[in-house]
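A.B. asks: Once you've had a glance at the structure underneath, I'll fire off some questions.
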Amino acid sequence: MNRRFFIGISCISSANLCLELVLIRYFSISQHYHFAFLVLSMAFLGYGAAGSFLNVYQNKARNKTRFLSMSAALFSLSVMASFLLCNNIPFDLKEIAWNKNQIFFVFLFYLLLAIPFFFSGCTISFAMSRWPAFADKIYFYDLLGAGAGTIFALLIFHIAKDRGTFLTISVIGASAAFLFTGRGNRSLLVFLALLFSVEIGMAVFSPSLLEFRISPYKALPTALRAPGARSLFTKWNALSRMDVITSPAVRYAPGLSLMFQKDLPQQLGLARDGSELNAVTRFSPAKKDEQEFLDYLPASLAYQLISKPETLVIDPMGGLDVLSGIVFEARRIDIIESHPLAVDIMKKNLSDFSGLLYKSPDVQIFTSQARTALRETNAVYDHIVFSLTDVFGSSSSGFFGFGENHLYTLESFSRALQLLSPRGFISMTRYLILPPREEIRLLATWIQALEKSGNSPSRNLVVIRSWGTISIFIKKTPLTQAEITTVNNFCSRCLFDVVYYPGITQEEANIHNRFDRPMFFTIVQELLDKQRREKFFSRNLFNLRPVTDDRPFFYNYFKWDRLEETYRALEQKWLPFLEGEMLVPLLLIQATFLAFLLIILPLIRQKKQSQSYFPRLKVLLYFGLIGLSFMFVEMILIQKFIFFFGHPLWSSSLVLFSLLFFSGWGSRFSKKIWGERFRWGLTAGPMLAAAAAGVFLFIFPLLPHHLMGKPLLVKTAAALAVIFPLGFVMGFPFPTGIRFLGSRYHKEHVSWAWAVNALAGVVGSILALLFAFGRGYTFVLLLAVMGYAGAALVQPSSFRNSPG
């Protein structure tokens, strides 16, 4: 085998992994969630279908290099074709709540985007099946290229933005095809030359059809439909897309009192990934009277309760809460902003418009994921603000309840309380969306966080309500009578309703913005009483218990044991269920059906035609278990390291790169370690992987505890040191099994094993999320440990009469 062959393997693998990460960003921008689990599932569907296809038809491929070249070229073509088709299909997951046709589009989208992975799978699987003696080396270059693809995915949006991302991946795939093509194959070389010419032409002219289509229900398109609205500019980086617009729809003053009759200052819209539309308010330090509206916001109560505080603002985006701190003369303002591009825009593009807000000498900015920053700092604050950053309140709707949110967990709130001074307040304002769910879960979480810290929530809590928002204020020490008087005076002036303060009576609630009954007053009273709280949680139609870091699905409200009642409450409509976690079982059913159709069915047909002995069921167990286990570990490692590194995409890329790279080295050395002792290798390999995953459960908690505040280089070195042994031994089981099949049985069975392993990936990525819903991330990792151990235990009876 020459070097061009192995470089081609790395190129196709790099393009393949880069495509996975780009699709995650594509879904984040075009739809309402990143759908990482779904991207992994469709990728493995393509791989599995490729394995089954080769199992049936690979003997008809007489020219090996021509087959590799064509499959790589078809990968390049299908990347662009699938993207262009999907980008123009009227598919929107938001519509699935009322439009049954969208279920078909989910199926079509899933199938179309699996096609490129089918061709990349054909390339890698064909190489392994036709050259099984080089399986360890092919697997090494495959994983090495995949690791490089994760790094490249971080750079591609800087270089190519949305119009060039899929085009760049297509070029890499075409380059792999060129590397596989021999000089004598002139017709294929001409075809590749034409393909390169088309791709270069599209890169030069950059047609608008290459732009990512954004759901019309997201905040950015909604605001741009208003009369006179227009986009000012767009910026990209690996983490986010930021749009700055001017629109009459951008009017951001959450819960503004009806007593304020003047116009708001000019505001520009700032949208992240087409949603989460925030506003940047025009500010001139010489004209502070223009900011009078701030006195009439519910959030400003905190500045009535404590003068000139040292303030921490979490994820302010356009900076309204920062502006409040400046106007109300906070002594110091620290900002934690998860999106560096938002800070860049505020400091550069909108610096003059915002009155040099982010350049104020009293303002210090930390660009980091909020949970990481909260764990790193040891500063003490008089006022901590959890900012509301959505003009339209769509982020409060609970759409896609399988979305993780690590900022609203019990551990996060407990940490915030540790950073609060004795006289300080934590404030949080959220939109009222009926039936109330988010606000109740937030209240329940704060109450339990106060109890966990040894405080009495009934003496440390204030809740007020405007016509459209609810605001929560938490104090570390009991409220004084003077502070209670300030709360009542403020609410009377602004016509806000007091929901709770220590000593409130029912007659004092629900006065200005009236419901039929004092609903929120009653709810808070029940949450404050431990016995009544449990009964409230049990009888409520929705799951409103606090979430934890191990199960951070804050917007996941449905109860599996109350589906029938929920169905009746929704007027016997089942489609709204698909807005939450109930969409995941539908995706699992769809993935399982397609996997059976494209992977299992061809194998069943092949079994009927084949007369040779082959232990299919037992190989299914071995390769299925190691495939599920690898997928479970991969997904949980990404989640676990989000806290440690600060940003999900950075964490995902580093974990994928290191895990795949070290697994590649493990596969490379597996042949040297086990040799031809297959029975020993197929037993010890999975057992070592199980042991390493189990050890990781105990070692990982030490990293955030001891190294969270250390420099990035130190944290990266520590992460690599932890992942190395795990990834290295996880590289043993698969290539060892492939080499055994190649030496013991017909070459067609290598493709069969590849298909089974991919099938495990198709369902494993979705199953991991479902298990995490019910039992948490730790439980999923324990399943991976048991899966590897199970593969080792099933092996001796699966591979009889083998050497060793």
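To be explicit about the labels: the chains of the structure tokens are called A, B, and onward in the order shown, and within each one the residues are counted from 1, while ligands get numbers from 1 in the order they are shown.
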For the interface of stretch 253-347 of chain A with stretch 630-649 of chain A (cut-off 12 Å, counting only C-alpha atoms), please tabulate each contacting residue of stretch 253-347 of chain A alongside its nearest pair of atoms and their separation in Å to one decimal, rows sorted by chain and increasing number, as a Markdown table.
C.D. replies:
```
| residue | atom | partner | partner_atom | distance |
| --- | --- | --- | --- | --- |
| A:Ile336 | CA | A:Gly646 | CA | 11.2 |
| A:Glu337 | CA | A:Gly646 | CA | 10.8 |
| A:Ser338 | CA | A:His647 | CA | 7.4 |
| A:His339 | CA | A:His647 | CA | 8.8 |
| A:Pro340 | CA | A:His647 | CA | 10.4 |
```
A.B. asks: Those same residues, written as a CSV table (one decimal), in the first residue's frame with N, CA, C and O atoms?
C.D. replies:
```csv
chain,number,residue,atom,x,y,z
A,336,ILE,N,-19.9,38.0,32.6
A,336,ILE,CA,-19.5,36.7,32.1
A,336,ILE,C,-20.3,36.5,30.8
A,336,ILE,O,-21.6,36.5,30.8
A,337,GLU,N,-19.6,36.5,29.7
A,337,GLU,CA,-20.3,36.3,28.4
A,337,GLU,C,-19.8,35.1,27.7
A,337,GLU,O,-18.6,34.9,27.4
A,338,SER,N,-20.8,34.2,27.4
A,338,SER,CA,-20.4,32.9,26.8
A,338,SER,C,-20.1,33.0,25.3
A,338,SER,O,-19.5,32.1,24.7
A,339,HIS,N,-20.4,34.1,24.7
A,339,HIS,CA,-20.2,34.3,23.3
A,339,HIS,C,-19.2,35.4,23.0
A,339,HIS,O,-19.5,36.6,23.0
A,340,PRO,N,-17.9,35.1,22.7
A,340,PRO,CA,-16.9,36.1,22.4
A,340,PRO,C,-17.2,37.0,21.3
A,340,PRO,O,-16.9,38.2,21.3
```
A.B. asks: Run DSSP on the backbone of this structure and report the residues of stretch 206-356 of chain A it assigns to helix (DSSP H, G or I), as a ChimeraX atom specification.
C.D. replies: /A:208-210,219-224,285-296,298-305,320-327,340-349
A.B. asks: Name all residues at most 7 Å from A:Ala226 (count only C-alpha atoms; drop same-chain ones fewer than 5 positions away) and give them as a PyMOL selection string.
C.D. replies: chain A and resi 247-249
A.B. asks: Export, as a PDB file, in the first residue's frame, the selected residues with all heavy atoms.
C.D. replies:
```
ATOM      1  N   SER A 247     -34.927  47.151  13.491  1.00  0.00           N
ATOM      2  CA  SER A 247     -36.294  46.689  13.258  1.00  0.00           C
ATOM      3  C   SER A 247     -37.226  47.295  14.294  1.00  0.00           C
ATOM      4  O   SER A 247     -36.862  47.404  15.472  1.00  0.00           O
ATOM      5  CB  SER A 247     -36.349  45.159  13.347  1.00  0.00           C
ATOM      6  OG  SER A 247     -37.690  44.691  13.348  1.00  0.00           O
ATOM      7  N   PRO A 248     -38.449  47.672  13.876  1.00  0.00           N
ATOM      8  CA  PRO A 248     -39.440  48.142  14.862  1.00  0.00           C
ATOM      9  C   PRO A 248     -39.807  47.069  15.886  1.00  0.00           C
ATOM     10  O   PRO A 248     -40.305  47.394  16.968  1.00  0.00           O
ATOM     11  CB  PRO A 248     -40.655  48.499  13.993  1.00  0.00           C
ATOM     12  CG  PRO A 248     -40.121  48.686  12.615  1.00  0.00           C
ATOM     13  CD  PRO A 248     -38.952  47.766  12.502  1.00  0.00           C
ATOM     14  N   ALA A 249     -39.555  45.807  15.534  1.00  0.00           N
ATOM     15  CA  ALA A 249     -39.888  44.713  16.459  1.00  0.00           C
ATOM     16  C   ALA A 249     -38.919  44.629  17.631  1.00  0.00           C
ATOM     17  O   ALA A 249     -39.208  43.976  18.631  1.00  0.00           O
ATOM     18  CB  ALA A 249     -39.896  43.380  15.710  1.00  0.00           C
TER      19      ALA A 249
END
```
A.B. asks: I'd like the interatomic distance between atom CA of A:Ser667 and atom CA of A:Tyr139, to a tenth of an Å.
C.D. replies: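 Interatomic distance, atom CA of A:Ser667 to atom CA of A:Tyr139: 6.6 Å.
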A.B. asks: Quick one: which stretch 22-81 of chain A residues come within 9 Å of stretch 187-207 of chain A, and what is the nearest atom pair for each with the distance in Å to one decimal, counting only C-alpha atoms, rows ordered by chain and ascending number, as a tab-separated table?
C.D. replies:
```
residue	atom	partner	partner_atom	distance
A:Arg66	CA	A:Leu188	CA	8.3
A:Ser69	CA	A:Leu188	CA	8.0
A:Met70	CA	A:Leu188	CA	8.0
A:Ala73	CA	A:Leu192	CA	7.4
A:Ser76	CA	A:Leu195	CA	8.8
A:Leu77	CA	A:Leu195	CA	8.2
```
A.B. asks: Mind dumping the selected residues with N, CA and C atoms as a JSON list (two decimals), in the first residue's frame?
C.D. replies:
```json
[["chain", "number", "residue", "atom", "x", "y", "z"],
["A", 66, "ARG", "N", -10.40, 2.00, -8.45],
["A", 66, "ARG", "CA", -11.47, 2.73, -9.13],
["A", 66, "ARG", "C", -12.70, 2.84, -8.21],
["A", 69, "SER", "N", -11.99, 5.49, -5.63],
["A", 69, "SER", "CA", -12.05, 6.81, -6.24],
["A", 69, "SER", "C", -13.48, 7.25, -6.48],
["A", 70, "MET", "N", -14.31, 6.33, -7.01],
["A", 70, "MET", "CA", -15.69, 6.69, -7.30],
["A", 70, "MET", "C", -16.48, 6.95, -6.03],
["A", 73, "ALA", "N", -15.49, 10.31, -4.76],
["A", 73, "ALA", "CA", -16.04, 11.36, -5.62],
["A", 73, "ALA", "C", -17.54, 11.53, -5.38],
["A", 76, "SER", "N", -18.11, 13.50, -2.33],
["A", 76, "SER", "CA", -17.96, 14.93, -2.61],
["A", 76, "SER", "C", -19.21, 15.51, -3.25],
["A", 77, "LEU", "N", -19.74, 14.82, -4.23],
["A", 77, "LEU", "CA", -20.97, 15.29, -4.90],
["A", 77, "LEU", "C", -22.17, 15.30, -3.96]]
```
A.B. asks: Can you list, as a list in words, every protein, DNA or RNA residue that comes within 7 Å of stretch 25-35 of chain A when you count only C-alpha atoms, leaving out same-chain residues fewer than 4 positions away?
C.D. replies: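 In the requested format, the answer is Leu21, Val39, Asp92, Leu93, Phe212, Arg213, Ile214, Ser215, Asp273 and Gly274 of chain A.
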A.B. asks: Identify which of the residues A:Leu741, A:Pro298, A:Lys137, A:Phe44 lies closest to A:Ser663, counting only C-alpha atoms when measuring atom-to-atom distances.
C.D. replies: A:Lys137
A.B. asks: For A:Tyr622, work out the shell of residues within 10 Å, counting only C-alpha atoms and skipping chain neighbours fewer than 6 positions away, then give it as a list in words.
C.D. replies: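 Those residues are Arg616, Leu682, Pro686, Pro733, Phe734, Gly737, Ala753, Val756, Asn757, Gly787, Tyr788, Gly790, Ala791, Ala792, Leu793, Val794, Gln795 and Ser798 of chain A.
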A.B. asks: Find the residue from A:Gly776, A:Pro704, A:Pro132, A:Pro735 that sits nearest to A:Arg371; use only C-alpha atoms when measuring.
C.D. replies: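 Checking each of A:Gly776, A:Pro704, A:Pro132, A:Pro735 against A:Arg371, counting only C-alpha atoms, the winner is A:Pro704.
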A.B. asks: Let me make sure I understand: among A:Trp650, A:Phe678, A:Tyr296, A:Tyr252, which one has the smallest atom-to-atom distance to A:Gln369 if we use only C-alpha atoms?
C.D. replies: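 Of A:Trp650, A:Phe678, A:Tyr296, A:Tyr252, the one nearest A:Gln369 is A:Trp650, counting only C-alpha atoms.
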